[in-house]
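Just below is one structure, and these are the notes that go with it.
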Amino acid sequence: MKKKQVWVFTDAVQLISRTANIGDSRSTITHPQTTTHNRIATSEQERIGIIEQLVRISV
């Protein structure tokens, strides 16, 4: 799964809000590579497991 597929997936989710704010009281879905970890170098992201296919769901 590549980043484009991640966006298709997150856009299709209907019961969870797509957001970059992980401190919300609602269930949320986010793409860490382009939101919470976007200021970290790609090599460091990959080293710590933040890959382009990663989606974070908070319930």
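As shown in the structure tokens, the chain order sets the letters A, B, ...; within each chain, residues go from 1, and ligands are also counted from 1 in the order they appear.
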Residue list (alpha helix (DSSP H), DSSP) for chain A, as a PyMOL selection string: chain A and resi 3-12+42-47
DSSP strand (DSSP E) residues within chain A, as a ChimeraX atom specification: /A:17-18,28-30,56-58
Mind writing the picked residues with all heavy atoms as a PDB file, in the first residue's frame?
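File written: result03.pdb
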ATOM      1  N   SER A  17     -13.458  10.209  12.139  1.00  0.00           N
ATOM      2  CA  SER A  17     -13.068  11.503  11.573  1.00  0.00           C
ATOM      3  C   SER A  17     -11.598  11.478  11.173  1.00  0.00           C
ATOM      4  O   SER A  17     -10.750  11.043  11.944  1.00  0.00           O
ATOM      5  CB  SER A  17     -13.264  12.614  12.604  1.00  0.00           C
ATOM      6  OG  SER A  17     -14.607  12.691  12.980  1.00  0.00           O
ATOM      7  N   ARG A  18     -11.290  11.977   9.978  1.00  0.00           N
ATOM      8  CA  ARG A  18      -9.896  12.105   9.559  1.00  0.00           C
ATOM      9  C   ARG A  18      -9.376  13.428  10.112  1.00  0.00           C
ATOM     10  O   ARG A  18      -9.969  14.479   9.893  1.00  0.00           O
ATOM     11  CB  ARG A  18      -9.774  12.079   8.037  1.00  0.00           C
ATOM     12  CG  ARG A  18      -8.310  12.003   7.609  1.00  0.00           C
ATOM     13  CD  ARG A  18      -8.187  11.891   6.149  1.00  0.00           C
ATOM     14  NE  ARG A  18      -8.330  13.234   5.585  1.00  0.00           N
ATOM     15  CZ  ARG A  18      -8.311  13.495   4.298  1.00  0.00           C
ATOM     16  NH1 ARG A  18      -8.196  12.519   3.442  1.00  0.00           N
ATOM     17  NH2 ARG A  18      -8.422  14.725   3.868  1.00  0.00           N
ATOM     18  N   THR A  28     -10.669   8.940  15.756  1.00  0.00           N
ATOM     19  CA  THR A  28     -10.010   9.626  14.651  1.00  0.00           C
ATOM     20  C   THR A  28      -9.093   8.690  13.879  1.00  0.00           C
ATOM     21  O   THR A  28      -8.665   7.648  14.390  1.00  0.00           O
ATOM     22  CB  THR A  28      -9.160  10.812  15.155  1.00  0.00           C
ATOM     23  OG1 THR A  28      -8.159  10.325  16.051  1.00  0.00           O
ATOM     24  CG2 THR A  28     -10.009  11.850  15.858  1.00  0.00           C
ATOM     25  N   ILE A  29      -8.799   9.081  12.645  1.00  0.00           N
ATOM     26  CA  ILE A  29      -7.831   8.370  11.814  1.00  0.00           C
ATOM     27  C   ILE A  29      -6.874   9.417  11.252  1.00  0.00           C
ATOM     28  O   ILE A  29      -7.309  10.507  10.866  1.00  0.00           O
ATOM     29  CB  ILE A  29      -8.535   7.561  10.693  1.00  0.00           C
ATOM     30  CG1 ILE A  29      -7.533   6.693   9.945  1.00  0.00           C
ATOM     31  CG2 ILE A  29      -9.331   8.451   9.766  1.00  0.00           C
ATOM     32  CD1 ILE A  29      -8.196   5.673   9.015  1.00  0.00           C
ATOM     33  N   THR A  30      -5.596   9.105  11.262  1.00  0.00           N
ATOM     34  CA  THR A  30      -4.603  10.053  10.779  1.00  0.00           C
ATOM     35  C   THR A  30      -3.448   9.327  10.090  1.00  0.00           C
ATOM     36  O   THR A  30      -3.248   8.134  10.299  1.00  0.00           O
ATOM     37  CB  THR A  30      -4.085  10.945  11.929  1.00  0.00           C
ATOM     38  OG1 THR A  30      -3.314  12.003  11.386  1.00  0.00           O
ATOM     39  CG2 THR A  30      -3.268  10.179  12.926  1.00  0.00           C
ATOM     40  N   ARG A  56      -2.918   5.684  11.704  1.00  0.00           N
ATOM     41  CA  ARG A  56      -3.179   5.608  13.134  1.00  0.00           C
ATOM     42  C   ARG A  56      -4.665   5.812  13.390  1.00  0.00           C
ATOM     43  O   ARG A  56      -5.243   6.801  12.926  1.00  0.00           O
ATOM     44  CB  ARG A  56      -2.392   6.676  13.887  1.00  0.00           C
ATOM     45  CG  ARG A  56      -2.672   6.640  15.367  1.00  0.00           C
ATOM     46  CD  ARG A  56      -1.916   7.689  16.102  1.00  0.00           C
ATOM     47  NE  ARG A  56      -2.261   7.596  17.518  1.00  0.00           N
ATOM     48  CZ  ARG A  56      -1.633   8.203  18.469  1.00  0.00           C
ATOM     49  NH1 ARG A  56      -0.614   8.983  18.199  1.00  0.00           N
ATOM     50  NH2 ARG A  56      -2.006   8.079  19.715  1.00  0.00           N
ATOM     51  N   ILE A  57      -5.246   4.903  14.125  1.00  0.00           N
ATOM     52  CA  ILE A  57      -6.651   5.008  14.506  1.00  0.00           C
ATOM     53  C   ILE A  57      -6.702   5.136  16.023  1.00  0.00           C
ATOM     54  O   ILE A  57      -6.146   4.308  16.741  1.00  0.00           O
ATOM     55  CB  ILE A  57      -7.468   3.779  14.045  1.00  0.00           C
ATOM     56  CG1 ILE A  57      -7.429   3.695  12.514  1.00  0.00           C
ATOM     57  CG2 ILE A  57      -8.902   3.856  14.555  1.00  0.00           C
ATOM     58  CD1 ILE A  57      -8.099   2.473  11.945  1.00  0.00           C
ATOM     59  N   SER A  58      -7.344   6.183  16.507  1.00  0.00           N
ATOM     60  CA  SER A  58      -7.543   6.396  17.937  1.00  0.00           C
ATOM     61  C   SER A  58      -9.026   6.283  18.228  1.00  0.00           C
ATOM     62  O   SER A  58      -9.835   6.952  17.586  1.00  0.00           O
ATOM     63  CB  SER A  58      -7.042   7.791  18.349  1.00  0.00           C
ATOM     64  OG  SER A  58      -5.658   7.895  18.171  1.00  0.00           O
TER      65      SER A  58
END
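Distance check against A:Leu15 using only C-alpha atoms: of A:Val59, A:Arg47, A:Lys3, A:His37, the minimum falls on A:Val59.
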